[in-house]
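Chemist: One structure coming up, written as structure tokens, with questions to follow.
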Amino acid sequence: LKDLDVSNNKIGPRGARMLFLNPSITTLNLRKNKLGKEGALLFQGNVTIKTLNVAENDIGDEGVLGFSNCSIKDLDLSFNNISEIGAVLL
């Protein structure tokens, strides 16, 4: 399994954590899953996911820190209440 779309399922941070147990996933769509800051921070240091959609998850400015030091090449953060501060943190 390389590509997985679980958008609109409200899996939250706990469900997202379980997906990281599968190291073969390289494309992941988690749009509208209530990840919040906690779920976003799970991505920090990830080396397998290359394409990630986490739009509409209320990640906020602090949550963008989860996308530092990871291998993601294509990232959708739309509609996450990220301000200029969060943009700088990216």
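FYI, nothing fancy with the structure tokens labels: chains A, B, ... in order, residues from 1 per chain, ligands from 1 as they appear.
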If you run DSSP over the backbone, which residues in chain A end up strand (DSSP E)? Put them as a list in words.
Modeler: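 Taking chain A and keeping strand (DSSP E) gives Asp3, Leu4, Asp5, Thr27, Leu28, Asn29, Thr51, Leu52, Asn53, Asp74, Leu75 and Asp76 of chain A.
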Chemist: Just want the 7 Å neighbourhood of Asn80 (chain A), counted on only C-alpha atoms, with same-chain residues fewer than 3 positions away dropped. Output as a list in words.
Modeler: Ala55, Glu56, Asn57, Asp58, Ile59, Gly60 and Leu77 of chain A
Chemist: Please report the interatomic distance between CA of Phe67 (chain A) and CA of Asn22 (chain A) in Å with one decimal.
Modeler: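 Distance between the two atoms: 18.5 Å.
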Chemist: At a cut-off of 9 Å, using only C-alpha atoms, what residues contact region 28-34 of chain A? Leave out same-chain residues fewer than 2 positions from it and give the result as a list in words.
Modeler: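 Result of the neighbour search: Lys2, Asp3, Leu4, Asp5, Val6, Ser7, Asn8, Asn9, Lys10, Ile11, Gly12, Pro13, Ala16, Ile25, Thr26, Gly36, Gly39, Ile49, Lys50, Thr51, Leu52, Asn53, Val54, Ala55, Glu56, Asn57, Asp58, Ile59 and Asp76 of chain A.
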Chemist: Would you work out the distance separating CA of Leu19 (chain A) from CA of Ala87 (chain A), expressed in Å to one decimal?
Modeler: 26.2 Å
Chemist: Quick one: of A:Leu41, A:Val88, A:Val47, A:Leu1, who's nearest to Lys73 (chain A), counting only C-alpha atoms?
Modeler: A:Val47
Chemist: Pick from A:Leu35, A:Ala40, A:Gly66, A:Asp61: nearest to Asn81 (chain A), with only C-alpha atoms counted?
Modeler: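 Ranked by minimum distance to Asn81 (chain A), first place goes to A:Asp61.
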Chemist: Please measure the separation of CA of Ser24 (chain A) and CA of Glu38 (chain A), giving the value in Å to one decimal.
Modeler: 22.7 Å
